[in-house]
>>> print(open('model.cif').read())   # mmCIF, C-alpha atoms
data_upload
#
loop_
_atom_site.label_atom_id
_atom_site.label_comp_id
_atom_site.auth_asym_id
_atom_site.auth_seq_id
_atom_site.Cartn_x
_atom_site.Cartn_y
_atom_site.Cartn_z
CA MET P 381 26.92 123.50 -184.34
CA SER P 382 25.57 120.35 -185.96
CA ASP P 383 21.90 119.49 -185.94
CA PRO P 384 21.32 116.41 -183.73
CA SER P 385 18.93 115.01 -186.33
CA ASP P 386 21.85 114.81 -188.77
CA THR P 387 23.41 112.08 -186.64
CA PHE P 388 20.14 110.40 -185.72
CA ASN P 389 20.51 106.64 -185.61
CA PRO P 390 17.29 104.64 -185.04
CA THR P 391 19.19 101.52 -183.98
CA GLN P 392 21.05 103.44 -181.26
CA ALA P 393 17.77 105.01 -180.10
CA LEU P 394 16.17 101.56 -179.85
CA ASP P 395 19.22 100.26 -177.97
CA ALA P 396 18.81 103.13 -175.49
CA VAL P 397 15.14 102.17 -174.95
CA HIS P 398 16.04 98.51 -174.40
CA SER P 399 18.97 99.21 -172.06
CA THR P 400 16.86 101.66 -169.99
CA ARG P 401 14.19 99.01 -169.56
CA ALA P 402 16.74 96.26 -168.84
CA ASP P 403 18.23 98.51 -166.16
CA LEU P 404 14.75 98.95 -164.66
CA ALA P 405 14.25 95.16 -164.60
CA SER P 406 17.55 94.71 -162.74
CA ARG P 407 16.60 97.39 -160.20
CA LEU P 408 13.26 95.67 -159.56
CA ASP P 409 14.92 92.26 -159.18
CA GLU P 410 17.07 93.45 -156.26
CA GLY P 411 15.53 92.22 -153.02
CA SER P 412 12.59 90.65 -154.84
CA TRP P 413 12.93 87.29 -153.02
CA ARG P 414 12.26 88.97 -149.68
CA TYR P 415 9.13 90.61 -151.11
CA ASP P 416 7.94 87.37 -152.72
CA LEU P 417 8.45 85.31 -149.56
CA ILE P 418 6.49 87.79 -147.39
CA TYR P 419 3.82 88.01 -150.11
CA SER P 420 3.43 84.23 -150.27
CA GLY P 421 3.32 83.99 -146.47
CA LEU P 422 0.47 86.52 -146.38
CA ALA P 423 -1.39 84.62 -149.12
CA GLY P 424 -1.08 81.51 -146.96
CA VAL P 425 -2.47 83.40 -143.94
CA ILE P 426 -5.46 84.69 -145.94
CA VAL P 427 -6.32 81.21 -147.26
CA GLY P 428 -5.67 79.43 -143.95
CA GLY P 429 -7.66 82.12 -142.12
CA GLN P 430 -10.83 81.04 -143.94
CA ALA P 431 -10.96 78.00 -141.62
CA LEU P 432 -11.41 80.28 -138.58
CA PRO P 433 -14.88 80.78 -137.05
CA MET P 434 -17.28 83.24 -138.74
CA GLY P 435 -16.13 86.82 -138.24
CA TRP P 436 -12.54 85.84 -137.50
CA ASN P 437 -12.14 84.59 -141.07
CA ALA P 438 -13.26 88.01 -142.39
CA LEU P 439 -10.80 89.65 -139.99
CA ALA P 440 -7.99 87.38 -141.28
CA SER P 441 -8.88 88.42 -144.86
CA VAL P 442 -8.93 92.13 -144.01
CA VAL P 443 -5.67 92.00 -142.01
CA GLY P 444 -4.00 89.90 -144.72
CA ALA P 445 -5.17 92.21 -147.52
CA GLY P 446 -4.10 95.28 -145.50
CA ALA P 447 -0.65 93.77 -144.92
CA LEU P 448 -0.34 93.03 -148.66
CA GLY P 449 -1.21 96.66 -149.37
CA LEU P 450 1.43 97.89 -146.91
CA LEU P 451 4.00 95.50 -148.40
CA ALA P 452 3.32 96.84 -151.92
CA ARG P 453 3.42 100.44 -150.68
CA ASP P 454 6.72 99.93 -148.92
CA TRP P 455 8.15 98.26 -152.04
CA ALA P 456 7.03 101.22 -154.21
CA ARG P 457 8.51 103.72 -151.77
CA ARG P 458 11.88 101.95 -151.62
CA LYS P 459 12.13 101.27 -155.35
CA GLY P 460 10.55 104.52 -156.54
CA VAL P 461 8.38 102.55 -158.92
CA TRP P 462 4.79 101.36 -158.83
CA VAL P 463 3.73 98.53 -161.12
CA CYS P 464 0.24 97.12 -160.61
CA GLY P 465 0.10 93.33 -161.10
CA VAL P 466 -2.47 93.60 -163.89
CA THR P 467 -0.81 96.45 -165.83
CA PRO P 468 1.81 94.64 -167.95
CA ARG P 469 0.12 93.10 -170.99
CA ARG P 470 1.31 89.49 -170.63
CA ALA P 471 2.23 89.38 -166.93
CA ARG P 472 -1.33 90.46 -166.05
CA TRP P 473 -2.59 86.98 -166.90
CA VAL P 474 -0.25 85.48 -164.30
CA SER P 475 -1.83 87.86 -161.74
CA VAL P 476 -5.35 86.95 -162.85
CA GLY P 477 -4.54 83.21 -162.73
CA LEU P 478 -2.93 83.54 -159.29
CA GLY P 479 -5.89 85.60 -158.03
CA LEU P 480 -8.33 82.96 -159.24
CA ALA P 481 -6.26 80.14 -157.68
CA ILE P 482 -6.07 81.94 -154.30
CA GLY P 483 -9.78 82.80 -154.53
CA ALA P 484 -10.66 79.17 -155.28
CA LEU P 485 -8.54 77.96 -152.32
CA CYS P 486 -10.21 80.53 -150.04
CA ALA P 487 -13.67 79.38 -151.20
CA ALA P 488 -12.74 75.69 -150.81
CA VAL P 489 -11.43 76.12 -147.24
CA PHE P 490 -14.43 78.28 -146.31
CA PHE P 491 -17.04 75.86 -147.68
CA MET P 492 -15.32 72.78 -146.24
CA THR P 493 -15.11 74.16 -142.70
CA TYR P 494 -18.59 75.75 -143.00
CA ASN P 495 -20.00 72.31 -143.80
CA GLY P 496 -18.43 70.73 -140.72
CA GLY P 497 -15.03 69.75 -142.09
CA SER P 498 -11.88 69.81 -139.95
CA ARG P 499 -10.27 73.20 -139.35
CA TRP P 500 -6.88 71.50 -139.87
CA ILE P 501 -7.52 71.90 -143.60
CA ALA P 502 -6.13 75.41 -143.03
CA LEU P 503 -2.57 74.05 -142.80
CA PRO P 504 -2.27 72.19 -146.15
CA ALA P 505 -4.45 74.79 -147.92
CA GLY P 506 -2.43 77.69 -146.49
CA LEU P 507 0.80 75.96 -147.47
CA ALA P 508 -0.55 75.28 -150.98
CA ALA P 509 -1.55 78.96 -151.29
CA ALA P 510 1.90 80.10 -150.12
CA VAL P 511 3.65 77.83 -152.64
CA ALA P 512 1.27 78.92 -155.43
CA ALA P 513 1.83 82.59 -154.54
CA LEU P 514 5.61 82.15 -154.51
CA ILE P 515 5.64 80.37 -157.88
CA GLY P 516 3.14 82.88 -159.31
CA SER P 517 5.12 85.83 -158.03
CA ARG P 518 8.42 84.58 -159.49
CA LEU P 519 6.67 83.71 -162.77
CA TRP P 520 5.10 87.19 -162.88
CA ARG P 521 8.57 88.76 -162.63
CA GLN P 522 9.88 86.56 -165.43
CA VAL P 523 6.97 87.44 -167.73
CA TYR P 524 7.20 91.13 -166.78
CA ARG P 525 10.87 91.08 -167.75
CA ARG P 526 9.84 89.74 -171.16
CA ASP P 527 7.17 92.46 -171.38
CA LEU P 528 9.89 95.03 -170.72
CA GLN P 529 12.00 93.65 -173.55
CA ASP P 530 9.47 93.78 -176.34
CA ASP P 531 6.09 95.17 -175.37
CA PHE P 532 5.62 98.80 -176.35
CA ALA P 533 1.88 98.59 -177.02
CA ALA P 534 -0.34 101.31 -175.55
CA PRO P 535 -2.50 102.17 -173.74
CA ARG P 536 -3.47 99.65 -171.10
CA MET P 537 -6.62 98.94 -169.19
CA SER P 538 -5.47 97.99 -165.72
CA MET P 539 -8.01 100.17 -163.93
CA GLY P 540 -10.94 98.81 -165.95
CA LEU P 541 -9.78 95.26 -165.36
CA LEU P 542 -9.33 95.86 -161.64
CA PHE P 543 -12.76 97.47 -161.42
CA LEU P 544 -14.43 94.50 -163.10
CA MET P 545 -12.55 91.96 -160.98
CA GLY P 546 -13.71 93.83 -157.89
CA LEU P 547 -17.23 93.95 -159.29
CA ALA P 548 -17.18 90.18 -159.86
CA ALA P 549 -16.13 89.60 -156.25
CA MET P 550 -18.77 92.01 -154.91
CA VAL P 551 -21.59 90.53 -156.99
CA GLY P 552 -20.51 87.02 -155.98
CA SER P 553 -20.43 87.77 -152.27
CA GLY P 554 -23.67 89.79 -152.46
CA LEU P 555 -25.53 86.94 -154.14
CA SER P 556 -24.08 84.49 -151.62
CA HIS P 557 -25.79 86.42 -148.83
CA LEU P 558 -29.07 86.78 -150.73
CA LEU P 559 -29.41 83.10 -151.61
CA ASN P 560 -29.73 80.10 -149.28
CA THR P 561 -26.55 78.62 -147.84
CA GLU P 562 -27.04 75.42 -149.90
CA GLU P 563 -26.77 77.52 -153.03
CA MET P 564 -23.68 79.49 -152.04
CA VAL P 565 -21.38 77.74 -154.52
CA THR P 566 -23.90 78.45 -157.31
CA ALA P 567 -24.16 82.07 -156.20
CA TRP P 568 -20.39 82.42 -156.12
CA LEU P 569 -20.03 80.91 -159.60
CA LEU P 570 -22.90 83.12 -160.85
CA GLY P 571 -21.15 86.18 -159.48
CA VAL P 572 -17.87 85.28 -161.18
CA GLY P 573 -19.82 84.53 -164.40
CA ILE P 574 -21.48 87.96 -164.32
CA GLY P 575 -18.12 89.59 -163.65
CA MET P 576 -16.47 87.74 -166.56
CA THR P 577 -19.34 88.68 -168.91
CA GLY P 578 -19.00 92.31 -167.82
CA MET P 579 -15.27 92.15 -168.46
CA ALA P 580 -15.79 90.69 -171.96
CA ALA P 581 -18.42 93.39 -172.73
CA PHE P 582 -16.03 96.08 -171.50
CA MET P 583 -13.19 94.79 -173.70
CA MET P 584 -15.46 94.60 -176.77
CA ALA P 585 -16.84 98.10 -176.17
CA ARG P 586 -13.31 99.41 -175.70
CA ARG P 587 -12.21 97.88 -179.01
CA ARG P 588 -15.24 99.32 -180.84
CA PHE P 589 -14.58 102.72 -179.28
CA ARG P 590 -10.95 102.66 -180.46
CA GLN P 591 -11.89 101.50 -183.97
CA GLY P 592 -14.39 104.37 -184.17
CA PHE P 593 -11.60 106.83 -183.37
CA ALA P 594 -9.18 105.25 -185.83
CA ARG P 595 -11.55 105.77 -188.80
CA MET L 226 -2.51 96.34 -180.22
CA ILE L 227 -0.34 97.39 -183.18
CA SER L 228 0.81 101.01 -183.02
CA VAL L 229 0.90 103.25 -186.07
CA PRO L 230 4.54 104.25 -186.71
CA GLN L 231 4.83 107.98 -186.16
CA PHE L 232 7.93 110.01 -185.44
CA ASP L 233 7.41 112.26 -182.41
CA PRO L 234 9.75 115.27 -182.08
CA VAL L 235 8.88 115.70 -178.38
CA ILE L 236 9.95 112.14 -177.51
CA HIS L 237 12.87 112.09 -179.99
CA ALA L 238 15.51 113.61 -177.63
CA PRO L 239 17.54 110.80 -175.93
CA GLY L 240 16.68 111.90 -172.39
CA ARG L 241 12.94 112.10 -173.06
CA LEU L 242 13.03 108.82 -174.96
CA GLN L 243 14.57 107.14 -171.89
CA ILE L 244 12.03 108.78 -169.57
CA CYS L 245 9.17 107.48 -171.73
CA ALA L 246 10.81 104.03 -171.93
CA LEU L 247 10.84 103.90 -168.12
CA LEU L 248 7.38 105.30 -167.55
CA SER L 249 5.76 103.13 -170.23
CA ALA L 250 6.91 100.05 -168.30
CA THR L 251 5.42 101.19 -164.98
CA ASP L 252 2.22 102.69 -163.60
CA LYS L 253 4.20 105.49 -162.02
CA ALA L 254 7.80 106.25 -161.12
CA GLU L 255 9.43 108.64 -158.71
CA PHE L 256 11.48 111.65 -159.85
CA ALA L 257 14.66 110.55 -158.02
CA MET L 258 14.49 107.03 -159.44
CA ILE L 259 14.21 108.35 -163.01
CA ARG L 260 17.04 110.84 -162.41
CA ASP L 261 19.32 108.04 -161.16
CA ALA L 262 18.25 105.61 -163.89
CA ILE L 263 18.97 107.95 -166.80
CA ARG L 264 21.94 109.62 -165.03
CA VAL L 265 21.03 113.30 -165.37
CA SER L 266 20.87 116.21 -162.94
CA ASP L 267 17.64 117.40 -161.28
CA SER L 268 17.49 120.49 -163.49
CA VAL L 269 17.98 118.56 -166.75
CA LEU L 270 15.29 116.07 -165.77
CA SER L 271 12.94 118.91 -164.80
CA LYS L 272 13.40 120.51 -168.22
CA HIS L 273 12.63 117.23 -170.02
CA LEU L 274 9.58 116.66 -167.83
CA LYS L 275 8.31 120.18 -168.44
CA LEU L 276 8.30 119.54 -172.20
CA LEU L 277 6.59 116.18 -171.75
CA GLU L 278 3.99 117.71 -169.43
CA ASP L 279 3.33 120.56 -171.86
CA ALA L 280 2.64 117.96 -174.55
CA ASP L 281 0.23 116.17 -172.15
CA TYR L 282 2.43 113.06 -172.29
CA VAL L 283 3.33 113.02 -168.59
CA ARG L 284 1.37 113.84 -165.45
CA ALA L 285 3.11 114.73 -162.17
CA THR L 286 1.67 114.16 -158.69
CA LYS L 287 3.30 115.41 -155.50
CA VAL L 288 2.93 113.18 -152.45
CA ALA L 289 4.14 113.98 -148.93
CA ALA L 290 6.21 111.11 -147.53
CA GLY L 291 8.66 111.08 -144.62
CA GLY L 292 8.36 114.83 -144.09
CA ARG L 293 9.16 115.78 -147.69
CA LEU L 294 7.40 116.02 -151.01
CA ARG L 295 8.08 113.29 -153.54
CA THR L 296 7.09 113.71 -157.17
CA TRP L 297 5.54 110.70 -158.89
CA LEU L 298 5.26 110.69 -162.67
CA THR L 299 2.81 108.85 -164.90
CA LEU L 300 2.71 108.49 -168.67
CA THR L 301 -0.75 109.57 -169.85
CA ASN L 302 -2.72 107.53 -172.41
CA GLU L 303 -1.73 110.18 -174.97
CA GLY L 304 1.92 109.71 -173.95
CA LYS L 305 1.65 105.91 -174.16
CA ARG L 306 0.20 106.15 -177.65
CA ALA L 307 2.86 108.62 -178.79
CA PHE L 308 5.70 106.53 -177.33
CA ALA L 309 4.37 103.30 -178.87
CA GLY L 310 4.06 105.06 -182.25
CA HIS L 311 7.57 106.51 -181.94
CA VAL L 312 9.10 103.11 -181.09
CA ALA L 313 7.22 101.56 -184.02
CA GLU L 314 8.71 104.26 -186.28
CA LEU L 315 12.21 103.63 -184.86
CA ASN L 316 11.78 99.94 -185.62
CA ARG L 317 10.65 100.75 -189.16
CA LEU L 318 13.61 103.08 -189.74
CA ALA L 319 16.08 100.60 -188.21
CA THR L 320 14.80 97.90 -190.58
CA LEU L 321 15.27 100.27 -193.54
CA VAL L 322 18.81 101.13 -192.39
CA ARG L 323 19.69 97.43 -192.02
CA ALA L 324 18.25 96.70 -195.47
CA ALA L 325 20.31 99.50 -197.03
CA GLU L 326 23.59 98.30 -195.48
#
>>> encode(input="model.cif", output="structure tokens")
Amino acid sequence: MSDPSDTFNPTQALDAVHSTRADLASRLDEGSWRYDLIYSGLAGVIVGGQALPMGWNALASVVGAGALGLLARDWARRKGVWVCGVTPRRARWVSVGLGLAIGALCAAVFFMTYNGGSRWIALPAGLAAAVAALIGSRLWRQVYRRDLQDDFAAPRMSMGLLFLMGLAAMVGSGLSHLLNTEEMVTAWLLGVGIGMTGMAAFMMARRRFRQGFAR
Amino acid sequence: MISVPQFDPVIHAPGRLQICALLSATDKAEFAMIRDAIRVSDSVLSKHLKLLEDADYVRATKVAAGGRLRTWLTLTNEGKRAFAGHVAELNRLATLVRAAE
């Protein structure tokens, strides 16, 4: 019997890696339009819901976020794969950008209606959010496909990034309640600033930690 | 991050290389999906996974869904590092082979 290592061919092994990943990309593309359309509709509901009276807007956010969670869970169950939006190295920045855009639209609708603006702002803002989410979602898939082709770097930091993004949102909303209503925008920006600084500190510490191990 | 090229005998086998290629591109993947994707039987996949789990490259979690247990698999940080190093080594060897031809 011949030793398999005698016939080892690195090019064939690399081809196997690439074709396995290309096959995965094709599997994930099947039915993705349906997912992306529902996802963008829910993003529109969350943004538009910020124009509702106090309490109802929070309910719209919770229901919208819950529905997004169920959508992702159902997708994972049907596909047999779970990929968090911020896990892939390059595609994560599409998720972060989309998150910031949706967050900014939510804040804009909330502050405008809170300061006496028309609640009809919900319609164009919700539509803008839905379009942004659809474009962002399709773009994410395109960038993820590219990540699948040539990104084999390891390991990743999705959980740390998620934690810090959540922390930024919590600090921002906490400060908003502590400060006067006139200063809510400042408080929100301060919260995001603290979150971003924390994220940068985390990334630097992580790099130092790795370099220490490598020596 | 650039990975240090290092040949890994655990990942080297074609089936395990494909499993790692799949898992490294996801947060977690289900047993049945991997089995269908790499076209092997349940028992062959179980054997590959056992070796990867013994090397601490893969972690399995069983989740009850729809009245049955489904096994979800994750590549550990150790596994991600080993796979990235192995692919870097494959790239290095492939370049050498091309240069020699």
>>> resolve_selection(input="model.cif", expression="the PyMOL selection byres ((chain L and resi 251-268) around 10)", output="mmCIF file with C-alpha atoms, in the coordinates of the input")
data_model
loop_
_atom_site.group_PDB
_atom_site.id
_atom_site.type_symbol
_atom_site.label_atom_id
_atom_site.label_comp_id
_atom_site.auth_asym_id
_atom_site.auth_seq_id
_atom_site.Cartn_x
_atom_site.Cartn_y
_atom_site.Cartn_z
ATOM 1 C CA ALA P 396 18.810 103.130 -175.490
ATOM 2 C CA THR P 400 16.860 101.660 -169.990
ATOM 3 C CA ARG P 401 14.190 99.010 -169.560
ATOM 4 C CA ASP P 403 18.230 98.510 -166.160
ATOM 5 C CA LEU P 404 14.750 98.950 -164.660
ATOM 6 C CA ARG P 407 16.600 97.390 -160.200
ATOM 7 C CA ALA P 456 7.030 101.220 -154.210
ATOM 8 C CA ARG P 457 8.510 103.720 -151.770
ATOM 9 C CA ARG P 458 11.880 101.950 -151.620
ATOM 10 C CA LYS P 459 12.130 101.270 -155.350
ATOM 11 C CA GLY P 460 10.550 104.520 -156.540
ATOM 12 C CA VAL P 461 8.380 102.550 -158.920
ATOM 13 C CA TRP P 462 4.790 101.360 -158.830
ATOM 14 C CA VAL P 463 3.730 98.530 -161.120
ATOM 15 C CA CYS P 464 0.240 97.120 -160.610
ATOM 16 C CA GLY P 465 0.100 93.330 -161.100
ATOM 17 C CA THR P 467 -0.810 96.450 -165.830
ATOM 18 C CA PRO P 468 1.810 94.640 -167.950
ATOM 19 C CA LEU P 528 9.890 95.030 -170.720
ATOM 20 C CA ARG P 536 -3.470 99.650 -171.100
ATOM 21 C CA SER P 538 -5.470 97.990 -165.720
ATOM 22 C CA PRO L 239 17.540 110.800 -175.930
ATOM 23 C CA GLY L 240 16.680 111.900 -172.390
ATOM 24 C CA ARG L 241 12.940 112.100 -173.060
ATOM 25 C CA GLN L 243 14.570 107.140 -171.890
ATOM 26 C CA ILE L 244 12.030 108.780 -169.570
ATOM 27 C CA CYS L 245 9.170 107.480 -171.730
ATOM 28 C CA ALA L 246 10.810 104.030 -171.930
ATOM 29 C CA LEU L 247 10.840 103.900 -168.120
ATOM 30 C CA LEU L 248 7.380 105.300 -167.550
ATOM 31 C CA SER L 249 5.760 103.130 -170.230
ATOM 32 C CA ALA L 250 6.910 100.050 -168.300
ATOM 33 C CA VAL L 269 17.980 118.560 -166.750
ATOM 34 C CA LEU L 270 15.290 116.070 -165.770
ATOM 35 C CA SER L 271 12.940 118.910 -164.800
ATOM 36 C CA LYS L 272 13.400 120.510 -168.220
ATOM 37 C CA HIS L 273 12.630 117.230 -170.020
ATOM 38 C CA LEU L 274 9.580 116.660 -167.830
ATOM 39 C CA ARG L 284 1.370 113.840 -165.450
ATOM 40 C CA ALA L 285 3.110 114.730 -162.170
ATOM 41 C CA THR L 286 1.670 114.160 -158.690
ATOM 42 C CA LYS L 287 3.300 115.410 -155.500
ATOM 43 C CA ARG L 295 8.080 113.290 -153.540
ATOM 44 C CA THR L 296 7.090 113.710 -157.170
ATOM 45 C CA TRP L 297 5.540 110.700 -158.890
ATOM 46 C CA LEU L 298 5.260 110.690 -162.670
ATOM 47 C CA THR L 299 2.810 108.850 -164.900
ATOM 48 C CA LEU L 300 2.710 108.490 -168.670
ATOM 49 C CA THR L 301 -0.750 109.570 -169.850
#
>>> residues_around(input="model.cif", residues="Thr320 (chain L)", least_positions_apart="6", cutoff="10 Å", atoms="all atoms listed in the file", output="JSON, numbers by chain")
{"P": [390, 391], "L": [314]}
>>> residues_around(input="model.cif", residues="Leu507 (chain P)", least_positions_apart="5", cutoff="9 Å", atoms="all atoms listed in the file", output="PDB file with C-alpha atoms, keeping the file's coordinate frame")
ATOM      1  CA  GLY P 421       3.320  83.990-146.470  1.00  0.00           C
ATOM      2  CA  GLY P 424      -1.080  81.510-146.960  1.00  0.00           C
ATOM      3  CA  VAL P 425      -2.470  83.400-143.940  1.00  0.00           C
ATOM      4  CA  VAL P 427      -6.320  81.210-147.260  1.00  0.00           C
ATOM      5  CA  GLY P 428      -5.670  79.430-143.950  1.00  0.00           C
ATOM      6  CA  ALA P 502      -6.130  75.410-143.030  1.00  0.00           C
ATOM      7  CA  ALA P 512       1.270  78.920-155.430  1.00  0.00           C
TER       8      ALA P 512
END
>>> residues_around(input="model.cif", residues="Arg317 (chain L)", least_positions_apart="6", cutoff="12 Å", atoms="all atoms listed in the file", output="PDB file with C-alpha atoms, in the frame of the given file")
ATOM      1  CA  PRO P 390      17.290 104.640-185.040  1.00  0.00           C
ATOM      2  CA  THR P 391      19.190 101.520-183.980  1.00  0.00           C
ATOM      3  CA  LEU P 394      16.170 101.560-179.850  1.00  0.00           C
TER       4      LEU P 394
ATOM      5  CA  SER L 228       0.810 101.010-183.020  1.00  0.00           C
ATOM      6  CA  VAL L 229       0.900 103.250-186.070  1.00  0.00           C
ATOM      7  CA  PRO L 230       4.540 104.250-186.710  1.00  0.00           C
ATOM      8  CA  GLN L 231       4.830 107.980-186.160  1.00  0.00           C
ATOM      9  CA  PHE L 232       7.930 110.010-185.440  1.00  0.00           C
ATOM     10  CA  GLY L 310       4.060 105.060-182.250  1.00  0.00           C
ATOM     11  CA  HIS L 311       7.570 106.510-181.940  1.00  0.00           C
ATOM     12  CA  ARG L 323      19.690  97.430-192.020  1.00  0.00           C
ATOM     13  CA  ALA L 324      18.250  96.700-195.470  1.00  0.00           C
TER      14      ALA L 324
END
>>> atom_distance(input="model.cif", atom1="CA of Ala319 (chain L)", atom2="CA of Ala405 (chain P)")
24.3 Å
>>> decode(input="model.cif", residues="region 263-280 of chain L", atoms="N, CA and C atoms", output="JSON list (two decimals), in the first residue's frame")
[["chain", "number", "residue", "atom", "x", "y", "z"],
["L", 263, "ILE", "N", -19.05, 17.79, 2.10],
["L", 263, "ILE", "CA", -17.80, 17.11, 1.72],
["L", 263, "ILE", "C", -18.07, 15.68, 1.21],
["L", 264, "ARG", "N", -19.35, 15.33, 1.12],
["L", 264, "ARG", "CA", -19.80, 14.05, 0.53],
["L", 264, "ARG", "C", -19.14, 12.84, 1.17],
["L", 265, "VAL", "N", -19.36, 12.69, 2.49],
["L", 265, "VAL", "CA", -18.88, 11.48, 3.18],
["L", 265, "VAL", "C", -20.03, 10.92, 4.01],
["L", 266, "SER", "N", -19.83, 9.71, 4.52],
["L", 266, "SER", "CA", -20.88, 9.11, 5.36],
["L", 266, "SER", "C", -20.79, 9.66, 6.78],
["L", 267, "ASP", "N", -21.83, 9.41, 7.57],
["L", 267, "ASP", "CA", -21.85, 9.85, 8.98],
["L", 267, "ASP", "C", -20.64, 9.31, 9.74],
["L", 268, "SER", "N", -20.35, 8.01, 9.52],
["L", 268, "SER", "CA", -19.28, 7.39, 10.30],
["L", 268, "SER", "C", -17.90, 7.95, 9.94],
["L", 269, "VAL", "N", -17.70, 8.21, 8.64],
["L", 269, "VAL", "CA", -16.40, 8.78, 8.22],
["L", 269, "VAL", "C", -16.24, 10.18, 8.81],
["L", 270, "LEU", "N", -17.32, 10.97, 8.75],
["L", 270, "LEU", "CA", -17.24, 12.32, 9.30],
["L", 270, "LEU", "C", -16.99, 12.26, 10.80],
["L", 271, "SER", "N", -17.66, 11.35, 11.48],
["L", 271, "SER", "CA", -17.47, 11.22, 12.94],
["L", 271, "SER", "C", -16.01, 10.91, 13.28],
["L", 272, "LYS", "N", -15.39, 10.04, 12.48],
["L", 272, "LYS", "CA", -13.99, 9.68, 12.73],
["L", 272, "LYS", "C", -13.08, 10.90, 12.56],
["L", 273, "HIS", "N", -13.31, 11.66, 11.48],
["L", 273, "HIS", "CA", -12.50, 12.87, 11.24],
["L", 273, "HIS", "C", -12.69, 13.86, 12.40],
["L", 274, "LEU", "N", -13.95, 14.02, 12.81],
["L", 274, "LEU", "CA", -14.23, 14.99, 13.88],
["L", 274, "LEU", "C", -13.62, 14.56, 15.21],
["L", 275, "LYS", "N", -13.59, 13.26, 15.44],
["L", 275, "LYS", "CA", -13.00, 12.74, 16.69],
["L", 275, "LYS", "C", -11.52, 13.15, 16.76],
["L", 276, "LEU", "N", -10.82, 12.98, 15.64],
["L", 276, "LEU", "CA", -9.40, 13.34, 15.60],
["L", 276, "LEU", "C", -9.21, 14.85, 15.80],
["L", 277, "LEU", "N", -10.08, 15.62, 15.17],
["L", 277, "LEU", "CA", -9.97, 17.08, 15.30],
["L", 277, "LEU", "C", -10.32, 17.54, 16.72],
["L", 278, "GLU", "N", -11.29, 16.86, 17.33],
["L", 278, "GLU", "CA", -11.65, 17.20, 18.71],
["L", 278, "GLU", "C", -10.53, 16.81, 19.68],
["L", 279, "ASP", "N", -9.92, 15.65, 19.43],
["L", 279, "ASP", "CA", -8.81, 15.21, 20.29],
["L", 279, "ASP", "C", -7.64, 16.18, 20.24],
["L", 280, "ALA", "N", -7.47, 16.83, 19.07],
["L", 280, "ALA", "CA", -6.38, 17.81, 18.93],
["L", 280, "ALA", "C", -6.79, 19.20, 19.42]]
